[in-house]
>>> print(open('start_16.pdb').read())   # PDB, C-alpha atoms (C1' of nucleotides)
MODEL        1
ATOM      1  CA  MET A   1      14.305   6.361   0.006
ATOM      2  CA  PRO A   2      16.755   3.565   0.439
ATOM      3  CA  GLU A   3      17.547   0.900  -2.050
ATOM      4  CA  LEU A   4      20.697  -1.165  -1.863
ATOM      5  CA  PRO A   5      23.058   1.603  -3.007
ATOM      6  CA  GLU A   6      21.626   3.979  -0.403
ATOM      7  CA  VAL A   7      22.052   1.366   2.330
ATOM      8  CA  GLU A   8      25.623   0.723   1.199
ATOM      9  CA  THR A   9      26.320   4.474   1.154
ATOM     10  CA  THR A  10      24.897   4.756   4.668
ATOM     11  CA  LEU A  11      27.018   1.874   5.907
ATOM     12  CA  ARG A  12      30.195   3.425   4.543
ATOM     13  CA  GLY A  13      29.227   6.745   6.088
ATOM     14  CA  ILE A  14      28.683   5.496   9.633
ATOM     15  CA  GLU A  15      31.403   2.838   9.686
ATOM     16  CA  PRO A  16      34.317   5.121  10.690
ATOM     17  CA  SER A  17      32.363   6.437  13.678
ATOM     18  CA  LEU A  18      31.276   2.990  14.854
ATOM     19  CA  GLN A  19      34.225   0.716  14.250
ATOM     20  CA  GLY A  20      35.927  -0.233  17.508
ATOM     21  CA  ARG A  21      33.737   2.048  19.625
ATOM     22  CA  VAL A  22      31.876   1.004  22.748
ATOM     23  CA  ILE A  23      28.113   1.481  22.650
ATOM     24  CA  LYS A  24      27.336   3.423  25.815
ATOM     25  CA  GLN A  25      23.618   3.726  25.393
ATOM     26  CA  VAL A  26      20.775   2.673  23.111
ATOM     27  CA  ARG A  27      18.342   5.537  23.507
ATOM     28  CA  VAL A  28      14.876   4.816  22.172
ATOM     29  CA  ARG A  29      12.537   7.788  21.820
ATOM     30  CA  ASN A  30       9.855   6.010  19.848
ATOM     31  CA  ALA A  31       9.797   2.208  19.795
ATOM     32  CA  ALA A  32       6.878   2.007  17.353
ATOM     33  CA  LEU A  33       8.728   1.134  14.161
ATOM     34  CA  ARG A  34       7.726  -1.638  11.783
ATOM     35  CA  TRP A  35       8.220  -3.985  14.709
ATOM     36  CA  PRO A  36       8.353  -2.559  18.214
ATOM     37  CA  ILE A  37      11.946  -2.065  19.384
ATOM     38  CA  THR A  38      12.366  -4.572  22.201
ATOM     39  CA  ARG A  39      14.526  -4.504  25.347
ATOM     40  CA  GLU A  40      16.786  -7.048  23.641
ATOM     41  CA  VAL A  41      18.581  -4.223  21.849
ATOM     42  CA  GLN A  42      19.936  -3.111  25.250
ATOM     43  CA  GLN A  43      22.294  -6.080  25.052
ATOM     44  CA  ALA A  44      24.433  -3.843  22.855
ATOM     45  CA  VAL A  45      25.232  -1.556  25.776
ATOM     46  CA  GLY A  46      28.821  -2.000  26.933
ATOM     47  CA  GLN A  47      29.786  -4.007  23.871
ATOM     48  CA  THR A  48      32.410  -3.019  21.318
ATOM     49  CA  VAL A  49      31.541  -2.718  17.645
ATOM     50  CA  GLN A  50      33.592  -5.336  15.837
ATOM     51  CA  GLY A  51      32.407  -4.487  12.357
ATOM     52  CA  LEU A  52      29.601  -3.486  10.060
ATOM     53  CA  ARG A  53      28.128  -5.426   7.212
ATOM     54  CA  ARG A  54      25.198  -5.280   4.871
ATOM     55  CA  ARG A  55      22.961  -8.209   3.954
ATOM     56  CA  ALA A  56      20.237  -7.288   1.469
ATOM     57  CA  LYS A  57      19.032  -3.901   2.771
ATOM     58  CA  TYR A  58      19.756  -4.773   6.389
ATOM     59  CA  LEU A  59      22.651  -3.060   8.175
ATOM     60  CA  LEU A  60      24.324  -5.344  10.693
ATOM     61  CA  ILE A  61      26.362  -3.904  13.537
ATOM     62  CA  GLU A  62      28.423  -6.773  14.903
ATOM     63  CA  CYS A  63      29.199  -6.559  18.588
ATOM     64  CA  ASP A  64      31.309  -8.824  20.835
ATOM     65  CA  SER A  65      28.458 -11.306  20.971
ATOM     66  CA  GLY A  66      25.519 -10.829  18.671
ATOM     67  CA  GLY A  67      24.623  -7.464  17.246
ATOM     68  CA  LEU A  68      22.113  -4.925  16.088
ATOM     69  CA  MET A  69      20.261  -5.052  12.804
ATOM     70  CA  CYS A  70      18.719  -1.990  11.250
ATOM     71  CA  HIS A  71      16.461  -1.583   8.246
ATOM     72  CA  LEU A  72      15.728   1.837   6.764
ATOM     73  CA  GLY A  73      12.328   0.930   5.332
ATOM     74  CA  MET A  74      10.984   3.498   2.873
ATOM     75  CA  SER A  75      12.012   6.728   4.554
ATOM     76  CA  GLY A  76      14.693   5.890   7.109
ATOM     77  CA  SER A  77      18.171   7.331   7.411
ATOM     78  CA  LEU A  78      21.086   7.194   9.825
ATOM     79  CA  ARG A  79      23.345  10.110  10.488
ATOM     80  CA  ILE A  80      26.220  10.907  12.760
ATOM     81  CA  CYS A  81      25.692  13.672  15.249
ATOM     82  CA  GLN A  82      26.933  14.682  18.664
ATOM     83  CA  ASP A  83      25.251  13.305  21.726
ATOM     84  CA  GLY A  84      23.447  16.378  22.990
ATOM     85  CA  ASP A  85      22.384  17.700  19.590
ATOM     86  CA  PRO A  86      18.650  18.301  19.933
ATOM     87  CA  PRO A  87      16.617  15.588  18.199
ATOM     88  CA  ARG A  88      14.351  16.545  15.335
ATOM     89  CA  LYS A  89      10.885  15.233  14.727
ATOM     90  CA  HIS A  90      10.988  11.533  13.718
ATOM     91  CA  ASP A  91      14.413  10.902  15.274
ATOM     92  CA  HIS A  92      13.424   7.578  16.834
ATOM     93  CA  PHE A  93      16.602   6.156  18.342
ATOM     94  CA  ASP A  94      20.260   6.940  19.039
ATOM     95  CA  LEU A  95      23.291   4.727  19.485
ATOM     96  CA  VAL A  96      25.475   6.718  21.848
ATOM     97  CA  LEU A  97      29.186   5.907  21.572
ATOM     98  CA  ASP A  98      32.101   6.305  23.942
ATOM     99  CA  SER A  99      33.553   8.897  21.549
ATOM    100  CA  GLY A 100      30.639  11.255  22.189
ATOM    101  CA  ASP A 101      29.339  10.589  18.684
ATOM    102  CA  CYS A 102      25.828   9.434  18.230
ATOM    103  CA  VAL A 103      24.289   7.420  15.385
ATOM    104  CA  ARG A 104      20.793   8.825  14.999
ATOM    105  CA  PHE A 105      17.920   7.114  13.178
ATOM    106  CA  HIS A 106      15.358   9.312  11.444
ATOM    107  CA  ASP A 107      12.265   7.812   9.783
ATOM    108  CA  PRO A 108       9.012   9.698   9.144
ATOM    109  CA  ARG A 109       7.044   6.700   7.911
ATOM    110  CA  ARG A 110       8.370   4.306  10.558
ATOM    111  CA  PHE A 111       8.655   1.324   8.215
ATOM    112  CA  GLY A 112      12.204   0.880   9.452
ATOM    113  CA  ALA A 113      13.376  -1.499  12.167
ATOM    114  CA  LEU A 114      15.948  -2.011  14.898
ATOM    115  CA  LEU A 115      16.434  -5.585  16.066
ATOM    116  CA  TRP A 116      18.891  -7.656  18.040
ATOM    117  CA  TRP A 117      20.374 -10.850  16.605
ATOM    118  CA  ASN A 118      22.183 -13.714  18.220
ATOM    119  CA  PRO A 119      24.911 -15.422  16.217
ATOM    120  CA  PRO A 120      25.056 -16.611  13.599
ATOM    121  CA  TRP A 121      23.280 -13.712  11.930
ATOM    122  CA  GLN A 122      22.750 -15.791   8.777
ATOM    123  CA  GLU A 123      20.114 -17.772  10.643
ATOM    124  CA  HIS A 124      18.010 -14.842  11.714
ATOM    125  CA  VAL A 125      14.468 -15.465  10.545
ATOM    126  CA  LEU A 126      14.485 -12.319   8.403
ATOM    127  CA  LEU A 127      17.743 -13.244   6.673
ATOM    128  CA  ARG A 128      17.562 -17.019   6.461
ATOM    129  CA  GLU A 129      15.470 -17.300   3.316
ATOM    130  CA  LEU A 130      16.970 -14.457   1.331
ATOM    131  CA  GLY A 131      18.356 -14.980  -2.143
ATOM    132  CA  PRO A 132      21.916 -14.160  -3.214
ATOM    133  CA  GLU A 133      23.468 -10.707  -3.224
ATOM    134  CA  PRO A 134      23.163  -9.207  -6.714
ATOM    135  CA  LEU A 135      26.843  -8.233  -6.794
ATOM    136  CA  SER A 136      28.015 -11.747  -5.900
ATOM    137  CA  THR A 137      29.261 -14.227  -8.471
ATOM    138  CA  GLU A 138      26.561 -16.775  -7.697
ATOM    139  CA  PHE A 139      24.027 -14.288  -9.050
ATOM    140  CA  ASP A 140      24.063 -14.499 -12.824
ATOM    141  CA  GLY A 141      21.875 -15.045 -15.863
ATOM    142  CA  SER A 142      21.662 -18.794 -15.574
ATOM    143  CA  TYR A 143      20.583 -18.491 -11.932
ATOM    144  CA  LEU A 144      17.725 -16.166 -12.909
ATOM    145  CA  TRP A 145      16.760 -18.402 -15.786
ATOM    146  CA  ARG A 146      16.726 -21.512 -13.607
ATOM    147  CA  ARG A 147      14.664 -19.889 -10.855
ATOM    148  CA  SER A 148      12.116 -18.449 -13.263
ATOM    149  CA  ARG A 149      11.065 -21.572 -15.167
ATOM    150  CA  GLY A 150       7.314 -22.005 -15.052
ATOM    151  CA  LEU A 151       6.622 -18.688 -13.331
ATOM    152  CA  GLN A 152       3.855 -16.422 -14.604
ATOM    153  CA  VAL A 153       4.770 -13.475 -12.405
ATOM    154  CA  ALA A 154       5.935 -10.268 -14.107
ATOM    155  CA  VAL A 155       9.710 -10.179 -14.426
ATOM    156  CA  LYS A 156       9.794  -6.889 -12.519
ATOM    157  CA  ASN A 157       8.155  -8.522  -9.502
ATOM    158  CA  PHE A 158      10.418 -11.531  -9.939
ATOM    159  CA  ILE A 159      13.644  -9.537  -9.639
ATOM    160  CA  MET A 160      12.200  -7.494  -6.744
ATOM    161  CA  ASN A 161      11.468 -10.686  -4.795
ATOM    162  CA  GLY A 162      14.071 -10.991  -2.037
ATOM    163  CA  LYS A 163      13.856 -14.765  -2.084
ATOM    164  CA  ILE A 164      15.141 -14.668  -5.651
ATOM    165  CA  VAL A 165      17.704 -11.876  -5.347
ATOM    166  CA  VAL A 166      18.035  -9.183  -2.697
ATOM    167  CA  GLY A 167      18.505  -5.463  -2.998
ATOM    168  CA  VAL A 168      16.698  -4.733  -6.272
ATOM    169  CA  GLY A 169      14.115  -2.084  -5.459
ATOM    170  CA  ASN A 170      11.615  -0.197  -7.551
ATOM    171  CA  ILE A 171      14.006   2.347  -9.070
ATOM    172  CA  TYR A 172      16.803   0.012 -10.050
ATOM    173  CA  ALA A 173      14.431  -2.709 -11.264
ATOM    174  CA  ALA A 174      13.033  -0.207 -13.761
ATOM    175  CA  GLU A 175      16.492   0.951 -14.798
ATOM    176  CA  ALA A 176      17.951  -2.542 -15.198
ATOM    177  CA  LEU A 177      14.981  -3.763 -17.245
ATOM    178  CA  PHE A 178      15.262  -0.764 -19.544
ATOM    179  CA  MET A 179      18.972  -1.332 -20.050
ATOM    180  CA  ALA A 180      18.308  -4.989 -20.790
ATOM    181  CA  GLY A 181      15.455  -4.174 -23.210
ATOM    182  CA  ILE A 182      12.954  -6.305 -21.300
ATOM    183  CA  HIS A 183       9.340  -5.236 -20.755
ATOM    184  CA  PRO A 184       8.624  -5.136 -17.010
ATOM    185  CA  SER A 185       5.355  -7.041 -17.217
ATOM    186  CA  ARG A 186       6.691  -9.926 -19.298
ATOM    187  CA  ALA A 187       6.181 -13.270 -17.563
ATOM    188  CA  ALA A 188       9.422 -14.273 -15.828
ATOM    189  CA  GLY A 189       9.114 -17.829 -17.116
ATOM    190  CA  ARG A 190       8.975 -16.691 -20.728
ATOM    191  CA  ILE A 191      12.370 -15.044 -20.974
ATOM    192  CA  ALA A 192      15.279 -16.845 -22.612
ATOM    193  CA  LEU A 193      18.619 -17.574 -20.974
ATOM    194  CA  GLU A 194      20.499 -15.070 -23.134
ATOM    195  CA  ARG A 195      18.190 -12.250 -22.134
ATOM    196  CA  TYR A 196      18.609 -13.192 -18.463
ATOM    197  CA  ARG A 197      22.351 -13.012 -18.913
ATOM    198  CA  GLY A 198      21.872  -9.461 -20.103
ATOM    199  CA  LEU A 199      19.542  -8.649 -17.232
ATOM    200  CA  ALA A 200      21.881 -10.007 -14.561
ATOM    201  CA  THR A 201      24.605  -7.824 -16.039
ATOM    202  CA  THR A 202      22.496  -4.666 -16.089
ATOM    203  CA  ILE A 203      21.356  -5.272 -12.497
ATOM    204  CA  LYS A 204      24.980  -5.518 -11.387
ATOM    205  CA  ASP A 205      25.991  -2.509 -13.459
ATOM    206  CA  VAL A 206      23.226  -0.212 -12.280
ATOM    207  CA  LEU A 207      23.704  -1.069  -8.604
ATOM    208  CA  ALA A 208      27.491  -0.809  -8.714
ATOM    209  CA  HIS A 209      27.291   2.473 -10.586
ATOM    210  CA  ALA A 210      24.730   3.929  -8.170
ATOM    211  CA  ILE A 211      26.965   2.969  -5.227
ATOM    212  CA  ARG A 212      29.858   4.841  -6.856
ATOM    213  CA  ARG A 213      27.559   7.844  -7.208
ATOM    214  CA  GLY A 214      26.571   7.748  -3.553
ATOM    215  CA  GLY A 215      23.027   6.547  -4.151
ATOM    216  CA  THR A 216      19.982   8.192  -5.677
ATOM    217  CA  THR A 217      18.458  11.295  -4.171
ATOM    218  CA  LEU A 218      14.897  11.721  -5.344
ATOM    219  CA  ARG A 219      13.373  13.657  -2.509
ATOM    220  CA  ASP A 220      15.255  13.517   0.711
ATOM    221  CA  PHE A 221      17.993  10.908   0.733
ATOM    222  CA  HIS A 222      21.182  12.083   2.391
ATOM    223  CA  SER A 223      24.154  10.024   3.415
ATOM    224  CA  ALA A 224      25.332   9.826   7.002
ATOM    225  CA  SER A 225      27.355  13.005   6.510
ATOM    226  CA  GLY A 226      24.392  14.825   4.966
ATOM    227  CA  GLU A 227      25.546  14.628   1.345
ATOM    228  CA  PRO A 228      22.898  13.935  -1.284
ATOM    229  CA  GLY A 229      23.359  11.077  -3.763
ATOM    230  CA  TYR A 230      24.063  11.934  -7.361
ATOM    231  CA  PHE A 231      22.478   9.101  -9.285
ATOM    232  CA  ALA A 232      19.087  10.778  -9.798
ATOM    233  CA  GLN A 233      20.380  12.850 -12.730
ATOM    234  CA  GLU A 234      21.297   9.647 -14.490
ATOM    235  CA  LEU A 235      18.008   7.787 -14.269
ATOM    236  CA  LEU A 236      16.946   6.616 -17.719
ATOM    237  CA  VAL A 237      13.281   5.755 -17.158
ATOM    238  CA  TYR A 238      12.339   6.027 -13.490
ATOM    239  CA  ASP A 239       9.984   8.974 -12.862
ATOM    240  CA  ARG A 240      10.243  10.043 -16.523
ATOM    241  CA  GLU A 241       6.658   9.380 -17.636
ATOM    242  CA  GLY A 242       5.879  11.270 -20.836
ATOM    243  CA  HIS A 243       9.483  12.276 -21.456
ATOM    244  CA  GLY A 244      11.343  11.001 -24.505
ATOM    245  CA  CYS A 245      13.242   7.738 -24.294
ATOM    246  CA  PHE A 246      16.974   8.474 -24.458
ATOM    247  CA  GLN A 247      17.355   5.724 -27.030
ATOM    248  CA  CYS A 248      14.372   6.153 -29.385
ATOM    249  CA  GLN A 249      12.515   9.324 -28.260
ATOM    250  CA  ALA A 250       9.226   7.470 -27.687
ATOM    251  CA  PRO A 251       7.424   8.756 -24.566
ATOM    252  CA  ILE A 252       8.245   6.777 -21.434
ATOM    253  CA  ARG A 253       5.175   5.074 -19.988
ATOM    254  CA  ARG A 254       4.091   4.457 -16.438
ATOM    255  CA  SER A 255       1.960   1.504 -15.444
ATOM    256  CA  VAL A 256       1.243  -0.171 -12.141
ATOM    257  CA  ILE A 257       2.735  -3.642 -11.732
ATOM    258  CA  GLY A 258       2.404  -5.368  -8.391
ATOM    259  CA  GLN A 259       0.982  -2.139  -6.896
ATOM    260  CA  ARG A 260       4.169  -0.249  -7.736
ATOM    261  CA  SER A 261       4.730   2.381 -10.401
ATOM    262  CA  SER A 262       6.714   0.972 -13.284
ATOM    263  CA  TYR A 263       8.396   3.054 -15.944
ATOM    264  CA  TYR A 264       9.460   1.701 -19.301
ATOM    265  CA  CYS A 265       9.918   2.473 -22.972
ATOM    266  CA  PRO A 266       7.197   0.760 -25.025
ATOM    267  CA  GLN A 267       9.516   0.691 -28.055
ATOM    268  CA  CYS A 268      12.796  -0.480 -26.572
ATOM    269  CA  GLN A 269      11.419  -2.966 -24.045
ATOM    270  CA  ARG A 270       9.715  -6.153 -25.214
TER     271      ARG A 270
ATOM    272  C1'  DC B   1       3.180 -24.143  -4.433
ATOM    273  C1'  DG B   2       2.437 -19.331  -7.012
ATOM    274  C1'  DA B   3      -0.016 -14.992  -7.552
ATOM    275  C1'  DG B   4      -2.190 -10.979  -5.881
ATOM    276  C1'  DG B   5      -3.561  -7.712  -2.639
ATOM    277  C1'  DG B   6      -3.666  -5.433   2.004
ATOM    278  C1'  DA B   7      -1.251  -3.833   5.704
ATOM    279  C1'  DC B   8       1.929  -0.829   8.235
ATOM    280  C1'  DC B   9       2.903   5.038   8.530
ATOM    281  C1'  DT B  10       3.713  10.233   7.518
ATOM    282  C1'  DG B  11       4.248  13.936   4.494
ATOM    283  C1'  DG B  12       4.622  16.200   0.033
ATOM    284  C1'  DT B  13       2.227  17.329  -4.182
ATOM    285  C1'  DT B  14      -1.775  17.862  -7.055
ATOM    286  C1'  DG B  15      -6.257  19.229  -8.282
ATOM    287  C1'  DC B  16     -10.793  20.947  -7.353
TER     288       DC B  16
ATOM    289  C1'  DT C   1      -6.463  29.239   1.100
ATOM    290  C1'  DG C   2      -8.582  24.744   2.308
ATOM    291  C1'  DC C   3      -9.148  20.177   1.935
ATOM    292  C1'  DA C   4      -9.278  15.606  -0.080
ATOM    293  C1'  DA C   5      -7.079  12.428  -2.991
ATOM    294  C1'  DC C   6      -3.115  10.439  -4.493
ATOM    295  C1'  DC C   7       1.629   9.263  -4.436
ATOM    296  C1'  DA C   8       6.230   7.757  -2.367
ATOM    297  C1'  DG C   9      12.647   4.508  -2.374
ATOM    298  C1'  DG C  10      10.064  -1.789   1.445
ATOM    299  C1'  DT C  11       8.472  -6.150   2.571
ATOM    300  C1'  DC C  12       5.729  -9.206   5.571
ATOM    301  C1'  DC C  13       1.533 -11.655   5.770
ATOM    302  C1'  DC C  14      -2.885 -13.301   4.402
ATOM    303  C1'  DT C  15      -6.059 -15.306   1.050
ATOM    304  C1'  DC C  16      -7.309 -17.736  -3.067
TER     305       DC C  16
ENDMDL
END
>>> encode(input="start_16.pdb", output="structure tokens")
Amino acid sequence: MPELPEVETTLRGIEPSLQGRVIKQVRVRNAALRWPITREVQQAVGQTVQGLRRRAKYLLIECDSGGLMCHLGMSGSLRICQDGDPPRKHDHFDLVLDSGDCVRFHDPRRFGALLWWNPPWQEHVLLRELGPEPLSTEFDGSYLWRRSRGLQVAVKNFIMNGKIVVGVGNIYAAEALFMAGIHPSRAAGRIALERYRGLATTIKDVLAHAIRRGGTTLRDFHSASGEPGYFAQELLVYDREGHGCFQCQAPIRRSVIGQRSSYYCPQCQR
DNA sequence: CGAGGGACCTGGTTGC
DNA sequence: TGCAACCAGGTCCCTC
């Protein structure tokens, strides 16, 4: 479900309910997420939420000292409800606030995570080695070009590698490569600087545009308020196998690259 | 070091 | 209708 735009949409949705509130309770119904939820997260109890931020696809809830860190994995979502609303299946934890609101985490596949971090969050082991944010100025074509020299890996895997750049998931990798006219299985080290300039631009464009649209809803993504995202209607290649390319009418192809489905136009992408 | 594959989970869809 | 196979938005970790 969640790529960077969906995480950003979620953050914006829960922020008004969390900002400045005291966390009264961290209620764990099922600790068996990607990593077991530990007792450390109870340090949040009694602390005031100072702010929310996103790093890669991690949501950080900054408290007075330290904070919580949540990842939505493949199928996770956070929504605001009232403490006392009956939990549904797969509602694994709640952050109960002094307002009576409750931030509720739902995740059928349980690839998500809830962790505690001690400051500075930048040094957390899961965040320390991450590449730049795609929407930052340090991420550009020359950065991609520099990092890719000598690499044989497919460019699609390259841009989905969080040590290179964060937040580019399977959907938006396919979309950005199509818009840049680059074949997803081309070796990353065999792409010229000019083409990387184009790719960095399309990555920024597709992510920024999807955020404005409230994320992509393919199956079940809903924002914190329950609204679906509206980007799915605008996908150019993702999940369009056999349908005509919007640019040249050739049938869109699907192939597996790095164990993930990859969609591309065999005519427009080289 | 880079590249590739398995692992973690549940549920929806597809095809026999 | 039943059941098995396959597929899914992420990413860490192991092996070669």
>>> interface_residues(input="start_16.pdb", of="chain C", to="chain A", cutoff="9 Å", atoms="all atoms listed in the file", output="MDAnalysis selection string")
chainID C and resid 8:11
>>> write_last_selection(input="start_16.pdb", atoms="C-alpha atoms (C1' of nucleotides)", output="JSON list (two decimals), in the coordinates of the input")
[["chain", "number", "residue", "atom", "x", "y", "z"],
["C", 8, "DA", "C1'", 6.23, 7.76, -2.37],
["C", 9, "DG", "C1'", 12.65, 4.51, -2.37],
["C", 10, "DG", "C1'", 10.06, -1.79, 1.44],
["C", 11, "DT", "C1'", 8.47, -6.15, 2.57]]
>>> interface_residues(input="start_16.pdb", of="chain A", to="chain B", cutoff="6 Å", atoms="only C-alpha atoms (C1' of nucleotides)", output="list in words")
Pro108, Arg109 and Arg110 of chain A
>>> write_last_selection(input="start_16.pdb", atoms="C-alpha atoms", output="PDB file, keeping the file's coordinate frame")
ATOM      1  CA  PRO A 108       9.012   9.698   9.144  1.00  0.00           C
ATOM      2  CA  ARG A 109       7.044   6.700   7.911  1.00  0.00           C
ATOM      3  CA  ARG A 110       8.370   4.306  10.558  1.00  0.00           C
TER       4      ARG A 110
END
>>> resolve_selection(input="start_16.pdb", expression="the PyMOL selection byres ((chain A and resi 12) around 12)", output="ChimeraX atom specification")
/A:5-11,13-19,51-54,59,78-80,211-212,214-215,223-225
>>> atom_distance(input="start_16.pdb", atom1="atom C1' of C:DC13", atom2="atom CA of A:Leu60")
24.2 Å
>>> atom_distance(input="start_16.pdb", atom1="atom CA of A:Ala192", atom2="atom CA of A:Ile164")
17.1 Å
>>> atom_distance(input="start_16.pdb", atom1="atom CA of A:Ala188", atom2="atom CA of A:Lys204")
18.4 Å
>>> closest_residue(input="start_16.pdb", among="A:Val125, A:Cys81, A:Val96, A:Ile203", to="C:DC12", atoms="only C-alpha atoms (C1' of nucleotides)")
A:Val125
>>> resolve_selection(input="start_16.pdb", expression="the PyMOL selection byres ((chain A and resi 154) around 7)", output="list of chain:residue names")
A:Gln152, A:Val153, A:Val155, A:Lys156, A:Asn157, A:Phe158, A:Pro184, A:Ser185, A:Arg186, A:Ala187, A:Ala188
>>> resolve_selection(input="start_16.pdb", expression="the PyMOL selection byres ((chain A and resi 83) around 8)", output="list in words")
Cys81, Gln82, Gly84, Asp85, Val96, Gly100, Asp101 and Cys102 of chain A
>>> closest_residue(input="start_16.pdb", among="A:Arg29, A:Arg254, A:Trp117, A:Tyr264", to="A:Arg88", atoms="all atoms listed in the file")
A:Arg29
>>> closest_residue(input="start_16.pdb", among="A:Arg195, A:Val26, A:Glu62, A:Glu138", to="A:Arg39", atoms="all atoms listed in the file")
A:Val26
>>> residues_around(input="start_16.pdb", residues="stretch 174-179 of chain A", least_positions_apart="3", cutoff="8 Å", atoms="only C-alpha atoms (C1' of nucleotides)", output="PDB file with C-alpha atoms, keeping the file's coordinate frame")
ATOM      1  CA  LYS A 156       9.794  -6.889 -12.519  1.00  0.00           C
ATOM      2  CA  ASN A 170      11.615  -0.197  -7.551  1.00  0.00           C
ATOM      3  CA  ILE A 171      14.006   2.347  -9.070  1.00  0.00           C
ATOM      4  CA  ILE A 182      12.954  -6.305 -21.300  1.00  0.00           C
ATOM      5  CA  HIS A 183       9.340  -5.236 -20.755  1.00  0.00           C
ATOM      6  CA  PRO A 184       8.624  -5.136 -17.010  1.00  0.00           C
ATOM      7  CA  LEU A 199      19.542  -8.649 -17.232  1.00  0.00           C
ATOM      8  CA  THR A 202      22.496  -4.666 -16.089  1.00  0.00           C
ATOM      9  CA  ILE A 203      21.356  -5.272 -12.497  1.00  0.00           C
ATOM     10  CA  VAL A 206      23.226  -0.212 -12.280  1.00  0.00           C
ATOM     11  CA  LEU A 235      18.008   7.787 -14.269  1.00  0.00           C
ATOM     12  CA  LEU A 236      16.946   6.616 -17.719  1.00  0.00           C
ATOM     13  CA  VAL A 237      13.281   5.755 -17.158  1.00  0.00           C
ATOM     14  CA  TYR A 238      12.339   6.027 -13.490  1.00  0.00           C
ATOM     15  CA  SER A 262       6.714   0.972 -13.284  1.00  0.00           C
ATOM     16  CA  TYR A 263       8.396   3.054 -15.944  1.00  0.00           C
ATOM     17  CA  TYR A 264       9.460   1.701 -19.301  1.00  0.00           C
ATOM     18  CA  CYS A 265       9.918   2.473 -22.972  1.00  0.00           C
ATOM     19  CA  CYS A 268      12.796  -0.480 -26.572  1.00  0.00           C
ATOM     20  CA  GLN A 269      11.419  -2.966 -24.045  1.00  0.00           C
TER      21      GLN A 269
END
